[in-house]
$ cat protein.cif   # mmCIF, C-alpha atoms
data_entry
#
loop_
_atom_site.label_atom_id
_atom_site.label_comp_id
_atom_site.auth_asym_id
_atom_site.auth_seq_id
_atom_site.Cartn_x
_atom_site.Cartn_y
_atom_site.Cartn_z
CA MET N 115 23.52 167.82 -20.70
CA SER N 116 20.49 165.52 -21.15
CA ARG N 117 18.01 166.25 -23.88
CA ILE N 118 14.42 167.19 -23.04
CA TYR N 119 11.92 165.38 -25.28
CA ARG N 120 8.71 167.14 -26.34
CA ASP N 121 5.49 165.88 -27.93
CA GLU N 122 6.62 166.95 -31.38
CA ASP N 123 9.67 164.67 -31.09
CA TYR N 124 7.47 161.57 -31.12
CA ARG N 125 7.54 159.71 -34.43
CA PRO N 126 4.92 156.93 -34.70
CA ARG N 127 5.99 153.64 -36.29
CA PRO N 128 4.75 153.39 -39.88
CA ASN N 129 1.73 151.14 -40.30
CA ARG N 130 2.72 147.92 -42.12
CA ARG N 131 -0.23 147.29 -44.32
CA GLY N 132 -0.73 143.77 -45.54
CA SER N 133 1.23 142.05 -42.73
CA ARG N 134 -0.56 139.15 -41.05
CA PRO N 135 -0.71 138.76 -37.26
CA ARG N 136 1.31 135.86 -35.93
CA THR N 137 -0.66 132.87 -34.67
CA LYS N 138 0.07 129.45 -33.21
CA ASN N 139 -2.99 127.97 -34.89
CA ARG N 140 -2.05 125.53 -37.63
CA PRO N 141 -4.06 125.15 -40.83
CA ASN N 142 -6.69 122.44 -40.82
CA HIS N 143 -5.65 119.56 -43.10
CA ASP N 144 -8.76 117.40 -42.83
CA ALA N 145 -8.73 116.94 -46.60
CA ALA N 146 -5.13 115.63 -46.62
CA VAL N 147 -4.55 112.25 -48.27
CA GLU N 148 -2.41 109.48 -46.80
CA GLY N 149 0.55 107.93 -48.53
CA LEU N 150 3.53 105.64 -47.94
CA VAL N 151 7.03 107.14 -48.24
CA THR N 152 9.07 104.89 -50.51
CA ALA N 153 12.21 106.97 -51.11
CA VAL N 154 13.98 110.12 -49.92
CA ASP N 155 16.25 112.12 -52.21
CA ARG N 156 17.70 115.55 -51.35
CA GLY N 157 14.64 117.00 -49.71
CA ARG N 158 12.18 115.34 -52.06
CA TYR N 159 9.96 112.49 -50.88
CA ARG N 160 8.53 109.81 -53.13
CA VAL N 161 5.10 108.83 -51.80
CA VAL N 162 2.67 106.17 -52.98
CA VAL N 163 -0.90 107.36 -52.48
CA ALA N 164 -3.74 104.88 -52.04
CA ASP N 165 -6.87 105.04 -54.16
CA GLY N 166 -10.32 105.91 -52.89
CA THR N 167 -11.43 102.35 -52.08
CA GLY N 168 -10.43 102.60 -48.43
CA ALA N 169 -7.24 100.57 -48.90
CA SER N 170 -4.28 101.37 -46.68
CA PRO N 171 -1.41 103.19 -48.44
CA ASP N 172 0.99 100.46 -47.28
CA ASP N 173 -0.96 97.87 -49.28
CA SER N 174 1.12 97.12 -52.38
CA ARG N 175 -1.62 95.51 -54.48
CA SER N 176 -1.81 97.05 -57.91
CA ASP N 177 -5.43 98.07 -57.37
CA ALA N 178 -4.67 99.80 -54.06
CA ALA N 179 -2.01 102.35 -55.02
CA THR N 180 -2.70 104.44 -58.09
CA SER N 181 -0.31 107.38 -57.99
CA LYS N 182 3.28 108.12 -57.11
CA VAL N 183 3.61 111.62 -55.73
CA THR N 184 6.67 113.82 -55.18
CA ALA N 185 6.41 115.97 -52.06
CA VAL N 186 8.36 118.42 -49.91
CA ARG N 187 8.09 118.83 -46.14
CA ALA N 188 6.06 121.61 -44.61
CA SER N 189 8.16 124.08 -42.60
CA HIS N 190 6.95 122.80 -39.21
CA LEU N 191 8.39 119.35 -40.02
CA ARG N 192 11.88 120.45 -41.01
CA LYS N 193 13.42 119.08 -37.80
CA ASP N 194 11.62 115.74 -38.09
CA ALA N 195 13.14 112.81 -39.95
CA VAL N 196 10.97 111.39 -42.72
CA VAL N 197 12.07 107.90 -43.78
CA PRO N 198 10.90 105.06 -46.03
CA GLY N 199 7.98 103.25 -44.43
CA ASP N 200 6.47 106.41 -42.95
CA ILE N 201 2.74 106.90 -43.46
CA VAL N 202 2.31 110.62 -44.11
CA LYS N 203 -0.43 113.09 -44.98
CA LEU N 204 -0.21 115.26 -48.09
CA VAL N 205 -1.97 118.37 -49.35
CA GLY N 206 -1.69 120.24 -52.63
CA ASP N 207 -1.24 118.51 -55.96
CA THR N 208 -1.38 114.77 -55.21
CA SER N 209 -2.17 113.75 -58.78
CA GLY N 210 1.33 112.46 -59.40
CA SER N 211 1.43 114.11 -62.80
CA LYS N 212 4.76 115.20 -64.24
CA GLY N 213 6.09 118.35 -62.60
CA SER N 214 3.55 118.27 -59.75
CA LEU N 215 4.65 118.80 -56.15
CA ALA N 216 2.64 118.07 -53.02
CA ARG N 217 3.30 119.24 -49.46
CA LEU N 218 3.93 116.76 -46.64
CA VAL N 219 2.12 118.14 -43.59
CA GLU N 220 1.99 115.26 -41.10
CA ILE N 221 3.81 112.08 -40.12
CA THR N 222 1.27 109.65 -38.66
CA LYS N 223 2.01 107.62 -35.53
CA ARG N 224 4.64 104.97 -36.22
CA ARG N 225 4.09 101.34 -35.23
CA THR N 226 7.83 100.66 -35.14
CA LEU N 227 10.95 102.75 -35.68
CA LEU N 228 14.35 101.24 -36.49
CA ARG N 229 17.23 103.40 -35.26
CA ARG N 230 20.98 103.26 -34.91
CA SER N 231 23.77 105.60 -33.86
CA ALA N 232 27.08 106.18 -35.62
CA ASP N 233 28.86 104.48 -32.71
CA ASP N 234 28.20 103.47 -29.12
CA THR N 235 29.21 106.87 -27.72
CA ASP N 236 27.21 109.01 -30.15
CA PRO N 237 23.90 110.13 -28.60
CA THR N 238 22.54 111.19 -31.99
CA GLU N 239 20.09 108.66 -33.37
CA ARG N 240 19.85 107.86 -37.07
CA VAL N 241 16.35 106.83 -38.06
CA ILE N 242 16.55 104.15 -40.76
CA VAL N 243 12.99 103.04 -41.52
CA ALA N 244 9.52 103.19 -39.98
CA ASN N 245 6.54 100.82 -39.60
CA VAL N 246 8.57 97.71 -40.36
CA ASP N 247 7.28 94.26 -39.33
CA VAL N 248 10.36 92.14 -40.16
CA MET N 249 14.08 92.91 -40.18
CA GLY N 250 15.95 90.64 -42.56
CA ILE N 251 19.54 90.48 -41.29
CA VAL N 252 21.53 89.38 -44.33
CA THR N 253 24.83 87.56 -43.83
CA ALA N 254 27.03 85.54 -46.16
CA THR N 255 28.67 82.28 -45.16
CA GLU N 256 31.84 83.39 -46.91
CA ASP N 257 33.23 86.21 -49.07
CA PRO N 258 32.87 88.06 -46.74
CA GLU N 259 32.85 85.91 -43.62
CA PRO N 260 29.94 86.40 -41.19
CA SER N 261 30.19 89.43 -38.93
CA PHE N 262 28.65 88.01 -35.77
CA GLY N 263 29.16 91.29 -33.97
CA LEU N 264 26.99 93.14 -36.49
CA ILE N 265 24.35 90.39 -36.38
CA ASP N 266 24.15 90.62 -32.57
CA ARG N 267 23.85 94.41 -32.78
CA ALA N 268 21.15 94.23 -35.45
CA LEU N 269 19.23 91.69 -33.36
CA THR N 270 19.43 94.07 -30.40
CA ALA N 271 18.12 96.97 -32.51
CA ALA N 272 15.25 94.78 -33.73
CA PHE N 273 14.29 93.82 -30.16
CA ASP N 274 14.49 97.48 -29.13
CA ALA N 275 12.17 98.53 -31.98
CA GLY N 276 9.69 95.69 -31.53
CA ILE N 277 10.53 94.28 -34.98
CA THR N 278 10.67 90.55 -35.68
CA PRO N 279 14.23 89.57 -36.73
CA LEU N 280 14.88 87.10 -39.54
CA LEU N 281 18.38 85.82 -40.27
CA ILE N 282 18.86 85.44 -44.04
CA VAL N 283 21.95 83.44 -45.07
CA THR N 284 23.47 83.97 -48.53
CA LYS N 285 26.25 82.33 -50.54
CA THR N 286 25.57 78.85 -49.14
CA ASP N 287 26.93 77.52 -52.43
CA LEU N 288 30.39 78.66 -51.25
CA LYS N 289 30.11 77.29 -47.72
CA PRO N 290 27.35 75.62 -45.68
CA ALA N 291 25.51 77.68 -43.05
CA ASP N 292 26.40 75.23 -40.24
CA GLU N 293 28.42 77.73 -38.18
CA ILE N 294 25.69 80.38 -38.34
CA ILE N 295 22.95 77.90 -37.44
CA ARG N 296 25.05 76.56 -34.55
CA ARG N 297 25.61 80.00 -33.07
CA PHE N 298 22.00 81.17 -33.22
CA SER N 299 20.08 77.91 -32.87
CA ALA N 300 19.08 78.59 -29.24
CA THR N 301 18.00 82.20 -29.79
CA GLY N 302 14.61 81.41 -31.29
CA VAL N 303 15.43 83.62 -34.29
CA GLU N 304 14.25 82.10 -37.56
CA ILE N 305 17.05 81.30 -40.03
CA VAL N 306 16.40 80.92 -43.76
CA SER N 307 18.68 80.38 -46.73
CA SER N 308 18.39 82.45 -49.89
CA GLY N 309 19.42 80.07 -52.62
CA LEU N 310 19.97 81.77 -55.98
CA SER N 311 20.37 80.31 -59.45
CA PRO N 312 23.26 81.44 -61.70
CA ASP N 313 20.90 83.92 -63.39
CA GLY N 314 19.97 85.50 -60.05
CA ARG N 315 16.59 83.85 -59.44
CA LEU N 316 15.45 82.43 -56.13
CA THR N 317 15.73 78.64 -55.99
CA ASP N 318 13.96 78.50 -52.62
CA ALA N 319 10.75 80.38 -51.86
CA ALA N 320 11.39 80.45 -48.09
CA VAL N 321 12.59 84.08 -48.00
CA PHE N 322 9.80 85.38 -50.23
CA ASP N 323 7.15 83.48 -48.26
CA ARG N 324 8.46 84.91 -45.00
CA LEU N 325 8.45 88.54 -46.24
CA HIS N 326 5.28 88.39 -48.31
CA GLY N 327 2.42 90.58 -47.09
CA GLN N 328 4.53 92.60 -44.63
CA ILE N 329 6.77 95.65 -44.58
CA SER N 330 10.32 94.36 -44.26
CA VAL N 331 13.81 95.84 -44.27
CA LEU N 332 17.11 94.24 -45.30
CA ILE N 333 20.17 95.05 -43.17
CA GLY N 334 23.72 93.80 -43.67
CA HIS N 335 27.34 94.52 -44.47
CA SER N 336 28.28 95.55 -48.00
CA GLY N 337 29.15 92.54 -50.15
CA VAL N 338 26.89 89.98 -48.44
CA GLY N 339 24.54 89.86 -51.43
CA LYS N 340 21.81 92.13 -50.13
CA SER N 341 21.21 93.96 -53.40
CA THR N 342 21.38 90.68 -55.33
CA LEU N 343 18.72 89.29 -53.01
CA MET N 344 16.65 92.46 -53.48
CA ASN N 345 16.80 92.02 -57.26
CA ALA N 346 15.67 88.40 -56.93
CA LEU N 347 12.74 89.32 -54.68
CA VAL N 348 11.78 92.39 -56.74
CA PRO N 349 13.09 91.85 -60.30
CA ARG N 350 12.22 95.40 -61.34
CA ALA N 351 14.33 96.82 -58.49
CA GLU N 352 17.55 96.82 -60.55
CA ARG N 353 19.69 97.56 -57.51
CA ALA N 354 23.39 97.84 -58.35
CA THR N 355 25.56 94.94 -57.19
CA GLY N 356 29.25 94.98 -56.38
CA HIS N 357 32.13 92.79 -55.31
CA VAL N 358 34.21 92.19 -52.20
CA ASN N 359 37.63 93.83 -51.94
CA ASP N 360 40.32 91.12 -51.94
CA VAL N 361 42.52 93.14 -49.55
CA THR N 362 40.05 94.39 -46.94
CA GLY N 363 37.47 91.63 -47.25
CA ARG N 364 34.78 94.32 -47.33
CA GLY N 365 32.17 94.99 -49.96
CA ARG N 366 31.52 98.19 -51.86
CA HIS N 367 28.53 100.37 -51.01
CA THR N 368 26.38 99.67 -54.06
CA SER N 369 23.11 100.99 -52.57
CA SER N 370 23.46 104.69 -51.80
CA SER N 371 20.02 105.27 -50.29
CA ALA N 372 17.17 103.36 -48.70
CA VAL N 373 14.31 102.54 -51.04
CA CYS N 374 10.97 100.81 -50.44
CA LEU N 375 9.66 98.60 -53.25
CA PRO N 376 6.50 96.49 -53.57
CA LEU N 377 6.59 92.71 -53.47
CA ASP N 378 4.41 90.90 -55.97
CA GLY N 379 1.13 89.90 -54.38
CA GLY N 380 1.48 92.18 -51.35
CA GLY N 381 4.06 93.62 -49.00
CA TRP N 382 6.91 96.11 -49.19
CA LEU N 383 10.65 95.57 -48.99
CA VAL N 384 13.14 98.27 -47.93
CA ASP N 385 16.73 97.94 -49.11
CA THR N 386 19.28 99.97 -47.13
CA PRO N 387 22.89 100.96 -47.89
CA GLY N 388 25.43 98.48 -46.52
CA VAL N 389 26.47 99.35 -42.97
CA ARG N 390 29.96 99.31 -41.50
CA SER N 391 28.75 99.73 -37.90
CA PHE N 392 25.53 99.62 -35.92
CA GLY N 393 25.78 101.84 -32.83
CA LEU N 394 23.51 101.05 -29.87
CA ALA N 395 23.80 104.25 -27.85
CA HIS N 396 19.99 104.48 -27.75
CA VAL N 397 19.48 100.99 -26.27
CA ASP N 398 19.19 100.47 -22.51
CA ARG N 399 20.68 97.60 -20.52
CA ASP N 400 17.48 95.58 -20.06
CA THR N 401 16.67 95.70 -23.77
CA LEU N 402 20.17 94.54 -24.63
CA ILE N 403 19.89 91.52 -22.33
CA SER N 404 16.48 90.65 -23.78
CA ALA N 405 18.14 90.40 -27.22
CA PHE N 406 20.02 87.37 -25.86
CA PRO N 407 16.97 85.23 -24.97
CA GLU N 408 19.00 82.08 -24.36
CA LEU N 409 20.79 83.90 -21.50
CA VAL N 410 17.91 85.87 -19.96
CA GLU N 411 16.79 83.12 -17.57
CA ALA N 412 20.26 82.89 -16.04
CA THR N 413 20.42 86.64 -15.33
CA ALA N 414 17.34 86.29 -13.12
CA GLU N 415 19.45 84.15 -10.78
CA CYS N 416 22.29 86.68 -10.58
CA PRO N 417 22.77 88.91 -7.49
CA ARG N 418 21.10 92.31 -7.49
CA GLY N 419 23.22 94.84 -9.39
CA CYS N 420 25.26 92.15 -11.13
CA THR N 421 27.34 93.50 -14.01
CA HIS N 422 27.22 90.09 -15.74
CA GLN N 423 30.92 90.38 -16.52
CA ALA N 424 33.33 87.46 -16.07
CA ASP N 425 34.64 88.84 -12.75
CA ALA N 426 31.20 89.65 -11.30
CA PRO N 427 30.73 87.88 -7.90
CA GLY N 428 27.95 85.32 -8.03
CA CYS N 429 27.17 85.83 -11.74
CA ARG N 430 25.27 82.81 -13.00
CA LEU N 431 26.00 83.22 -16.71
CA ASP N 432 29.22 81.20 -17.00
CA ALA N 433 27.73 78.18 -15.22
CA TRP N 434 24.55 78.46 -17.28
CA VAL N 435 26.52 78.33 -20.52
CA SER N 436 28.89 75.55 -19.37
CA GLU N 437 25.88 73.43 -18.46
CA GLY N 438 24.70 73.69 -22.07
CA ASN N 439 21.57 75.68 -21.30
CA ALA N 440 22.40 78.38 -23.88
CA GLY N 441 22.86 75.97 -26.78
CA PRO N 442 25.98 75.20 -28.82
CA GLY N 443 26.64 78.89 -29.53
CA GLY N 444 26.36 79.93 -25.89
CA VAL N 445 30.04 80.69 -25.29
CA SER N 446 30.39 83.07 -28.24
CA ARG N 447 27.04 84.70 -27.55
CA LEU N 448 27.98 85.33 -23.91
CA LYS N 449 31.24 86.96 -25.02
CA SER N 450 29.24 89.18 -27.38
CA LEU N 451 26.82 90.19 -24.61
CA ARG N 452 29.70 91.13 -22.34
CA ARG N 453 31.29 93.24 -25.07
CA LEU N 454 28.05 95.14 -25.60
CA LEU N 455 27.00 95.67 -21.97
CA PRO N 456 29.38 98.61 -21.32
CA THR N 457 27.86 100.46 -24.29
CA THR N 458 24.42 100.73 -22.66
CA GLY N 459 23.03 103.06 -20.03
#
$ encode --input "protein.cif" --output "structure tokens"
Amino acid sequence: MSRIYRDEDYRPRPNRRGSRPRTKNRPNHDAAVEGLVTAVDRGRYRVVVADGTGASPDDSRSDAATSKVTAVRASHLRKDAVVPGDIVKLVGDTSGSKGSLARLVEITKRRTLLRRSADDTDPTERVIVANVDVMGIVTATEDPEPSFGLIDRALTAAFDAGITPLLIVTKTDLKPADEIIRRFSATGVEIVSSGLSPDGRLTDAAVFDRLHGQISVLIGHSGVGKSTLMNALVPRAERATGHVNDVTGRGRHTSSSAVCLPLDGGGWLVDTPGVRSFGLAHVDRDTLISAFPELVEATAECPRGCTHQADAPGCRLDAWVSEGNAGPGGVSRLKSLRRLLPTTG
């Protein structure tokens, strides 16, 4: 039998005093200060804040950055990646004094964004660094031997992000860089050698001159001398260095996190942990081809819908390379392109 409800059965909901109505309006942070993220560590962000002279926070001159602030993300940014190189806005205690903690409330528009995926089938992007001008792709001539596959992938990621690539060759005292220069001579990518003295100092200023005044990032396999180069460019960096495993030929991961450090006289340099792979799941087909500039002209003469593989009817690439139009490294570069094409959309 159903119950009959009367007026006296009604029980009003208790009034919740002190509760605030929900709103979609965000607080106004007009007074927020801008800063450059230099390191990320377990939910804490190290940010260099510019002084009040109007200097940009990514200016590393000693008179342009006066405080190093520790900050946490605001709740509305918890799903957004914050990486070294990001220009962010902070509120709260931005004094940088011991024990102080600011709140990161905004990530400003990024000029460039370097990304990679775990592998070519993983749709999840890993953001590495933001607002970079130059990507220094570090490779050794020997111990370990050059990984041309990684170099080609890093070049592709640089083209995709709109970052200028720079090929930095280390350990030329063990073996000349002839093979590396031969392979990439027709790409238009600048190649510099990082000569180091026995005490770890630069014997050639070419690398420093090329990175000076810009935000740059170093990418490379473990063991290629990336951290050693970082220590030579920024002596106070004190990045740990390791050795190459005699059995696997691979280096140890001596850098465990990305860190952004100032170059003397201007500029910032980001050192990243050594990478084993550089997935390109986020890169489309046209961008991949553009990362092989010595082959692009030939693809324009291919039939519509050409796969550019060796068995593709009418593909112009093989003839282009055999005629010497792609330079002395054309054959190996074409093989690399064909390996990478199936990984793109």
$ resolve_selection --input "protein.cif" --expression "the PyMOL selection byres ((chain N and resi 396-409) around 10)" --output "MDAnalysis selection string"
chainID N and resid 229:231 234:240 266:275 298:303 393:395 410:414 422 430:432 434:435 439:441 443:444 447:448 450:452 454:459
$ residues_around --input "protein.cif" --residues "N:Ser181" --least-positions-apart "3" --cutoff "10 Å" --atoms "only C-alpha atoms" --output "list of chain:residue names"
N:Gly149, N:Val161, N:Val162, N:Val163, N:Ala164, N:Asp165, N:Ala178, N:Thr184, N:Thr208, N:Ser209, N:Gly210, N:Ser211
$ write_last_selection --input "protein.cif" --atoms "C-alpha atoms" --output "CSV table (one decimal), in the frame of the given file"
chain,number,residue,atom,x,y,z
N,149,GLY,CA,0.6,107.9,-48.5
N,161,VAL,CA,5.1,108.8,-51.8
N,162,VAL,CA,2.7,106.2,-53.0
N,163,VAL,CA,-0.9,107.4,-52.5
N,164,ALA,CA,-3.7,104.9,-52.0
N,165,ASP,CA,-6.9,105.0,-54.2
N,178,ALA,CA,-4.7,99.8,-54.1
N,184,THR,CA,6.7,113.8,-55.2
N,208,THR,CA,-1.4,114.8,-55.2
N,209,SER,CA,-2.2,113.8,-58.8
N,210,GLY,CA,1.3,112.5,-59.4
N,211,SER,CA,1.4,114.1,-62.8
$ atom_distance --input "protein.cif" --atom1 "atom CA of N:Asp144" --atom2 "atom CA of N:Leu191"
17.5 Å
$ closest_residue --input "protein.cif" --among "N:Pro442, N:Pro198, N:Gly206, N:Gly380" --to "N:Arg296" --atoms "only C-alpha atoms"
N:Pro442
$ closest_residue --input "protein.cif" --among "N:Cys420, N:Ala254, N:Ala319, N:Ile242" --to "N:Pro290" --atoms "all atoms listed in the file"
N:Ala254
$ residues_near_point --input "protein.cif" --point "(11.4, 96.3, -56.4)" --cutoff "7 Å" --atoms "all atoms listed in the file" --output "list in words"
Asn345, Val348, Pro349, Arg350, Ala351, Leu375, Pro376 and Leu377 of chain N
$ atom_distance --input "protein.cif" --atom1 "atom CA of N:Gly327" --atom2 "atom CA of N:Ile295"
26.0 Å
$ resolve_selection --input "protein.cif" --expression "the PyMOL selection byres ((chain N and resi 371) around 9)" --output "PyMOL selection string"
chain N and resi 153-155+369-370+372-373+385-387
$ atom_distance --input "protein.cif" --atom1 "atom CA of N:Leu310" --atom2 "atom CA of N:Val248"
21.2 Å
$ closest_residue --input "protein.cif" --among "N:Glu304, N:Ala146, N:Phe392, N:Ile294" --to "N:Asp207" --atoms "only C-alpha atoms"
N:Ala146
$ residues_near_point --input "protein.cif" --point "(19.4, 80.6, -43.1)" --cutoff "10 Å" --atoms "all atoms listed in the file" --output "PyMOL selection string"
chain N and resi 252-255+280-284+286+290-292+294-295+304-309+320-321
$ resolve_selection --input "protein.cif" --expression "the PyMOL selection byres ((chain N and resi 338) around 10)" --output "number ranges by chain"
N: 252-260, 283-285, 333-337, 339-343, 356-358, 364-365, 388
$ closest_residue --input "protein.cif" --among "N:Arg453, N:Arg224, N:Arg315, N:Arg324" --to "N:Pro279" --atoms "only C-alpha atoms"
N:Arg324
